[in-house]
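Visitor: What follows is data29.cif; its format and atoms are mmCIF, C-alpha atoms.
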data_entry
loop_
_atom_site.group_PDB
_atom_site.id
_atom_site.type_symbol
_atom_site.label_atom_id
_atom_site.label_comp_id
_atom_site.auth_asym_id
_atom_site.auth_seq_id
_atom_site.Cartn_x
_atom_site.Cartn_y
_atom_site.Cartn_z
ATOM 1 C CA THR A 1 92.620 120.242 86.544
ATOM 2 C CA ASN A 2 91.524 117.786 83.883
ATOM 3 C CA ALA A 3 94.424 115.528 84.826
ATOM 4 C CA THR A 4 93.260 115.416 88.415
ATOM 5 C CA ALA A 5 89.670 114.799 87.362
ATOM 6 C CA ARG A 6 90.846 111.823 85.329
ATOM 7 C CA TRP A 7 93.059 110.658 88.215
ATOM 8 C CA VAL A 8 96.228 110.984 86.168
ATOM 9 C CA TYR A 9 99.631 110.936 87.850
ATOM 10 C CA VAL A 10 100.984 114.399 87.056
ATOM 11 C CA SER A 11 104.204 114.358 89.074
ATOM 12 C CA GLY A 12 107.578 113.748 87.444
ATOM 13 C CA VAL A 13 108.950 110.231 87.071
ATOM 14 C CA PRO A 14 106.336 107.571 87.968
ATOM 15 C CA PRO A 15 106.967 105.716 91.234
ATOM 16 C CA THR A 16 109.086 102.578 91.070
ATOM 17 C CA GLY A 17 106.817 99.718 89.999
ATOM 18 C CA TYR A 18 104.540 101.882 87.873
ATOM 19 C CA THR A 19 104.415 103.221 84.323
ATOM 20 C CA ARG A 20 102.070 105.775 82.809
ATOM 21 C CA ASN A 21 99.445 104.245 80.545
ATOM 22 C CA PRO A 22 100.311 105.435 77.012
ATOM 23 C CA ASP A 23 96.864 104.710 75.559
ATOM 24 C CA GLU A 24 93.544 106.546 75.608
ATOM 25 C CA PRO A 25 91.064 106.765 77.256
ATOM 26 C CA GLU A 26 93.248 106.323 80.366
ATOM 27 C CA LYS A 27 96.415 107.909 79.060
ATOM 28 C CA GLY A 28 98.669 108.988 81.926
ATOM 29 C CA LYS A 29 97.039 106.732 84.504
ATOM 30 C CA LEU A 30 99.455 104.610 86.529
ATOM 31 C CA ILE A 31 99.700 100.939 85.603
ATOM 32 C CA PRO A 32 101.959 98.332 87.280
ATOM 33 C CA ASN A 33 105.113 97.354 85.387
ATOM 34 C CA GLU A 34 107.649 94.543 85.671
ATOM 35 C CA LEU A 35 108.885 95.809 89.056
ATOM 36 C CA ALA A 36 105.452 95.479 90.679
ATOM 37 C CA PRO A 37 106.318 92.026 92.121
ATOM 38 C CA ALA A 38 109.410 93.571 93.747
ATOM 39 C CA ILE A 39 107.227 96.223 95.384
ATOM 40 C CA GLU A 40 104.845 93.593 96.700
ATOM 41 C CA GLU A 41 107.803 91.628 98.070
ATOM 42 C CA ILE A 42 109.075 94.723 99.890
ATOM 43 C CA PHE A 43 105.758 95.167 101.686
ATOM 44 C CA ARG A 44 105.476 91.464 102.425
ATOM 45 C CA ARG A 45 108.941 91.379 104.004
ATOM 46 C CA ARG A 46 108.459 94.608 105.949
ATOM 47 C CA ALA A 47 105.084 93.667 107.447
ATOM 48 C CA PRO A 48 104.941 91.492 110.574
ATOM 49 C CA LYS A 49 104.340 87.868 109.673
ATOM 50 C CA SER A 50 101.045 87.842 111.591
ATOM 51 C CA ALA A 51 98.095 90.190 111.099
ATOM 52 C CA THR A 52 97.970 90.475 114.906
ATOM 53 C CA PRO A 53 101.689 90.350 115.777
ATOM 54 C CA GLU A 54 102.872 89.533 119.237
ATOM 55 C CA LYS A 55 105.892 91.170 120.805
ATOM 56 C CA GLY A 56 108.997 90.279 118.840
ATOM 57 C CA ASP A 57 107.094 89.459 115.640
ATOM 58 C CA LYS A 58 108.641 92.066 113.371
ATOM 59 C CA GLY A 59 109.158 92.399 109.673
ATOM 60 C CA ASP A 60 112.556 92.544 107.990
ATOM 61 C CA SER A 61 114.803 95.595 108.413
ATOM 62 C CA TRP A 62 115.296 98.151 105.645
ATOM 63 C CA THR A 63 118.847 96.920 105.077
ATOM 64 C CA ALA A 64 117.829 93.261 104.978
ATOM 65 C CA ILE A 65 115.193 94.017 102.347
ATOM 66 C CA SER A 66 117.496 96.105 100.136
ATOM 67 C CA ASP A 67 120.280 93.534 100.426
ATOM 68 C CA TYR A 68 117.848 90.823 99.336
ATOM 69 C CA LEU A 69 116.594 92.849 96.360
ATOM 70 C CA ASN A 70 120.160 93.379 95.144
ATOM 71 C CA THR A 71 120.509 89.587 94.815
ATOM 72 C CA THR A 72 117.467 89.329 92.525
ATOM 73 C CA ASP A 73 116.800 90.094 88.877
ATOM 74 C CA TRP A 74 114.597 93.044 89.840
ATOM 75 C CA ARG A 75 116.636 95.939 88.500
ATOM 76 C CA LEU A 76 115.842 99.566 89.212
ATOM 77 C CA HIS A 77 115.344 101.894 86.252
ATOM 78 C CA TRP A 78 117.581 104.872 85.610
ATOM 79 C CA THR A 79 115.958 108.268 86.194
ATOM 80 C CA PRO A 80 117.196 111.758 85.303
ATOM 81 C CA ASN A 81 118.325 112.264 88.914
ATOM 82 C CA SER A 82 120.188 108.966 89.177
ATOM 83 C CA ALA A 83 121.824 109.526 85.758
ATOM 84 C CA LYS A 84 122.982 112.968 86.866
ATOM 85 C CA HIS A 85 124.342 111.579 90.112
ATOM 86 C CA LEU A 86 126.252 108.823 88.296
ATOM 87 C CA TYR A 87 127.719 111.335 85.856
ATOM 88 C CA HIS A 88 129.118 113.480 88.651
ATOM 89 C CA ARG A 89 130.497 110.541 90.646
ATOM 90 C CA THR A 90 131.859 108.121 88.060
ATOM 91 C CA ASP A 91 135.582 107.787 87.390
ATOM 92 C CA ASP A 92 134.911 105.943 84.137
ATOM 93 C CA ALA A 93 136.000 108.423 81.443
ATOM 94 C CA LYS A 94 134.372 106.451 78.615
ATOM 95 C CA LEU A 95 131.039 106.245 80.427
ATOM 96 C CA LYS A 96 131.208 109.946 81.260
ATOM 97 C CA ALA A 97 131.833 110.778 77.599
ATOM 98 C CA GLU A 98 128.852 108.660 76.522
ATOM 99 C CA ILE A 99 126.620 110.527 78.960
ATOM 100 C CA GLU A 100 127.999 113.928 77.906
ATOM 101 C CA ALA A 101 127.194 113.131 74.276
ATOM 102 C CA ARG A 102 123.518 112.974 75.237
ATOM 103 C CA LEU A 103 123.343 116.099 77.380
ATOM 104 C CA HIS A 104 121.466 118.412 75.048
ATOM 105 C CA GLY A 105 118.061 120.021 75.093
ATOM 106 C CA GLU A 106 115.561 120.336 77.919
ATOM 107 C CA THR A 107 115.468 116.555 78.396
ATOM 108 C CA LYS A 108 119.233 116.077 78.609
ATOM 109 C CA TRP A 109 119.211 114.020 81.811
ATOM 110 C CA GLN A 110 116.306 111.927 80.582
ATOM 111 C CA ASN A 111 118.383 111.302 77.444
ATOM 112 C CA ALA A 112 121.216 110.132 79.688
ATOM 113 C CA ALA A 113 118.860 107.899 81.667
ATOM 114 C CA ASP A 114 117.514 106.367 78.447
ATOM 115 C CA TYR A 115 121.061 105.619 77.325
ATOM 116 C CA LEU A 116 121.991 104.028 80.660
ATOM 117 C CA MET A 117 118.976 101.732 80.358
ATOM 118 C CA THR A 118 120.665 100.215 77.280
ATOM 119 C CA THR A 119 123.724 99.271 79.360
ATOM 120 C CA PRO A 120 124.161 96.497 81.942
ATOM 121 C CA LEU A 121 124.466 99.147 84.670
ATOM 122 C CA ARG A 122 121.612 99.592 87.141
ATOM 123 C CA PRO A 123 121.220 101.617 90.349
ATOM 124 C CA SER A 124 121.360 99.596 93.561
ATOM 125 C CA TRP A 125 118.416 99.155 95.883
ATOM 126 C CA THR A 126 119.151 101.066 99.084
ATOM 127 C CA PRO A 127 117.472 101.143 102.513
ATOM 128 C CA GLN A 128 116.289 104.664 101.687
ATOM 129 C CA THR A 129 114.599 103.408 98.510
ATOM 130 C CA VAL A 130 112.748 100.806 100.547
ATOM 131 C CA VAL A 131 111.664 103.362 103.190
ATOM 132 C CA ARG A 132 110.285 105.678 100.525
ATOM 133 C CA ILE A 133 108.350 102.879 98.862
ATOM 134 C CA VAL A 134 106.779 101.537 102.047
ATOM 135 C CA GLN A 135 105.626 104.990 103.169
ATOM 136 C CA ASN A 136 104.161 105.984 99.791
ATOM 137 C CA PRO A 137 100.353 105.519 99.616
ATOM 138 C CA VAL A 138 100.498 105.331 95.822
ATOM 139 C CA TYR A 139 101.106 101.592 96.181
ATOM 140 C CA LYS A 140 97.677 101.057 97.739
ATOM 141 C CA GLY A 141 96.043 102.929 94.859
ATOM 142 C CA GLU A 142 96.013 106.445 96.345
ATOM 143 C CA ILE A 143 97.322 109.642 94.763
ATOM 144 C CA ASN A 144 98.124 112.750 96.809
ATOM 145 C CA TYR A 145 98.209 116.251 95.348
ATOM 146 C CA GLY A 146 99.156 119.679 96.632
ATOM 147 C CA SER A 147 101.279 120.852 99.516
ATOM 148 C CA ARG A 148 101.541 119.088 102.831
ATOM 149 C CA THR A 149 99.528 120.760 105.567
ATOM 150 C CA LYS A 150 101.579 120.517 108.742
ATOM 151 C CA ARG A 151 100.002 121.129 112.117
ATOM 152 C CA LYS A 152 101.910 121.692 115.337
ATOM 153 C CA ASN A 153 103.484 118.472 116.609
ATOM 154 C CA ASP A 154 102.217 116.631 113.526
ATOM 155 C CA ARG A 155 104.813 114.058 112.423
ATOM 156 C CA LYS A 156 102.848 113.101 109.312
ATOM 157 C CA PRO A 157 101.448 116.231 107.617
ATOM 158 C CA GLU A 158 98.483 115.781 105.309
ATOM 159 C CA PHE A 159 98.272 116.596 101.592
ATOM 160 C CA ASP A 160 95.678 119.029 100.262
ATOM 161 C CA ILE A 161 93.981 116.401 98.097
ATOM 162 C CA LYS A 162 93.817 112.642 98.452
ATOM 163 C CA ILE A 163 92.287 110.480 95.732
ATOM 164 C CA GLU A 164 91.668 106.875 96.709
ATOM 165 C CA HIS A 165 91.232 104.082 94.151
ATOM 166 C CA SER A 166 92.824 106.306 91.497
ATOM 167 C CA HIS A 167 94.686 103.449 89.833
ATOM 168 C CA GLU A 168 95.427 99.747 90.218
ATOM 169 C CA PRO A 169 97.116 99.116 93.585
ATOM 170 C CA ILE A 170 100.164 96.884 93.856
ATOM 171 C CA VAL A 171 99.431 95.949 97.468
ATOM 172 C CA SER A 172 96.229 95.811 99.478
ATOM 173 C CA ALA A 173 95.380 98.592 101.903
ATOM 174 C CA GLU A 174 95.651 96.014 104.698
ATOM 175 C CA LEU A 175 99.205 94.974 103.746
ATOM 176 C CA TRP A 176 100.233 98.608 103.247
ATOM 177 C CA GLN A 177 98.997 99.457 106.746
ATOM 178 C CA ARG A 178 100.693 96.461 108.355
ATOM 179 C CA ALA A 179 104.019 97.390 106.783
ATOM 180 C CA ASN A 180 103.650 100.992 107.936
ATOM 181 C CA ASN A 181 102.619 99.965 111.423
ATOM 182 C CA ALA A 182 105.833 97.952 111.561
ATOM 183 C CA THR A 183 107.716 101.049 110.442
ATOM 184 C CA SER A 184 106.252 103.104 113.267
ATOM 185 C CA SER A 185 106.980 100.481 115.883
ATOM 186 C CA HIS A 186 110.551 99.945 114.675
ATOM 187 C CA THR A 187 111.574 103.598 114.683
ATOM 188 C CA PRO A 188 113.891 104.348 117.632
ATOM 189 C CA LYS A 189 112.825 107.274 119.792
ATOM 190 C CA ASP A 190 116.252 108.318 121.043
ATOM 191 C CA GLY A 191 117.016 110.835 118.300
ATOM 192 C CA SER A 192 119.881 108.747 116.948
ATOM 193 C CA LEU A 193 120.915 108.584 113.318
ATOM 194 C CA THR A 194 119.234 105.200 113.144
ATOM 195 C CA ALA A 195 115.930 106.920 113.901
ATOM 196 C CA GLN A 196 116.586 109.464 111.170
ATOM 197 C CA VAL A 197 117.005 106.743 108.558
ATOM 198 C CA ALA A 198 113.379 105.700 109.035
ATOM 199 C CA THR A 199 112.038 109.245 108.965
ATOM 200 C CA LYS A 200 114.223 111.727 107.116
ATOM 201 C CA GLY A 201 115.382 109.033 104.697
ATOM 202 C CA ILE A 202 112.223 109.385 102.646
ATOM 203 C CA ALA A 203 113.359 112.870 101.612
ATOM 204 C CA VAL A 204 116.320 111.393 99.752
ATOM 205 C CA CYS A 205 115.826 110.687 96.059
ATOM 206 C CA ASP A 206 115.175 106.996 95.711
ATOM 207 C CA ALA A 207 117.550 106.566 92.798
ATOM 208 C CA CYS A 208 120.249 109.152 93.511
ATOM 209 C CA GLY A 209 122.689 106.498 94.633
ATOM 210 C CA LEU A 210 123.560 108.089 97.960
ATOM 211 C CA ARG A 211 123.665 105.721 100.914
ATOM 212 C CA LEU A 212 123.273 106.593 104.568
ATOM 213 C CA HIS A 213 125.719 104.777 106.778
ATOM 214 C CA VAL A 214 124.440 104.211 110.293
ATOM 215 C CA THR A 215 127.155 103.937 112.937
#
Write out the structure in this file as structure tokens.
Guide:
Amino acid sequence: TNATARWVYVSGVPPTGYTRNPDEPEKGKLIPNELAPAIEEIFRRRAPKSATPEKGDKGDSWTAISDYLNTTDWRLHWTPNSAKHLYHRTDDAKLKAEIEARLHGETKWQNAADYLMTTPLRPSWTPQTVVRIVQNPVYKGEINYGSRTKRKNDRKPEFDIKIEHSHEPIVSAELWQRANNATSSHTPKDGSLTAQVATKGIAVCDACGLRLHVT
């Protein structure tokens, strides 16, 4: 497509830390926004402190990173999915009425998200949000298109199309790899729920508000 040829991000909501460029000639191309420093901090904290880590030199846990982010001024943006989730879970009748007043047309949940951005409310950073960010190659400047091609015994299926250097990266390829190497080495192999947090957690919407509780 023309969008692909121009390396435009054609998926739904841009990844956390990015916005679509509104101006020609690069309209639709991803550009870092005010949350880009938060993304860089996530990778920095997740990666081992040394480029050649010794045993025991590990990055911060998913929970430690999300807990830290929730103490900062880096606030997640509302998305249609997170607005919908809040609407169905809130007990605040006034807030629910405000959201309902905006639920019209094909963009009803985007309307709700836009309204929520005018309030002091913000979604919380969760461990699942952090997992999804660290494992997403978009942050090293790579866009993936198409369906995942999964081979037998392949834990990380490949996309049909990969476009490197498609937009400005937030982290270097070296830092991205170090953080993901830490992820691989930290994932328990015993099939426990803790292991599932680091793998299946990326399938959870980053801003839906649901938390996994590991026991």
Visitor: Take every atom of stretch 36-40 of chain A listed in the file, pad by 4 Å on each side, and give me the axis-aligned box centre and edge lengths in Å, one decimal, as lines of an AutoDock Vina configuration file.
Guide:
center_x = 107.1
center_y = 94.1
center_z = 93.7
size_x = 12.6
size_y = 12.2
size_z = 14.0
Visitor: Restricting the calculation to all atoms listed in the file, which member of A:His167, A:Ala113, A:Trp62, A:Thr118 is positioned closest to A:Val138?
Guide: A:His167
Visitor: Would you compute the distance between atom CA of A:Asn70 and atom CA of A:Ser124? Give it in Å to one decimal.
Guide: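 Between these atoms lies a distance of 6.5 Å.
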Visitor: Enter the distance from atom CA of A:Asn33 to atom CA of A:Thr16, in Å, rounded to one decimal.
Guide: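 About the pair atom CA of A:Asn33 and atom CA of A:Thr16: they are 8.7 Å apart.
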Visitor: I need the output of the PyMOL selection byres ((chain A and resi 41-45) around 9) for this file as a list in words; which residues are they?
Guide: Ala36, Pro37, Ala38, Ile39, Glu40, Arg46, Ala47, Pro48, Lys49, Gly59, Asp60, Ser61, Ile65, Ser66, Leu69, Val130, Ile133, Val134, Val171, Leu175, Trp176, Arg178, Ala179 and Asn180 of chain A
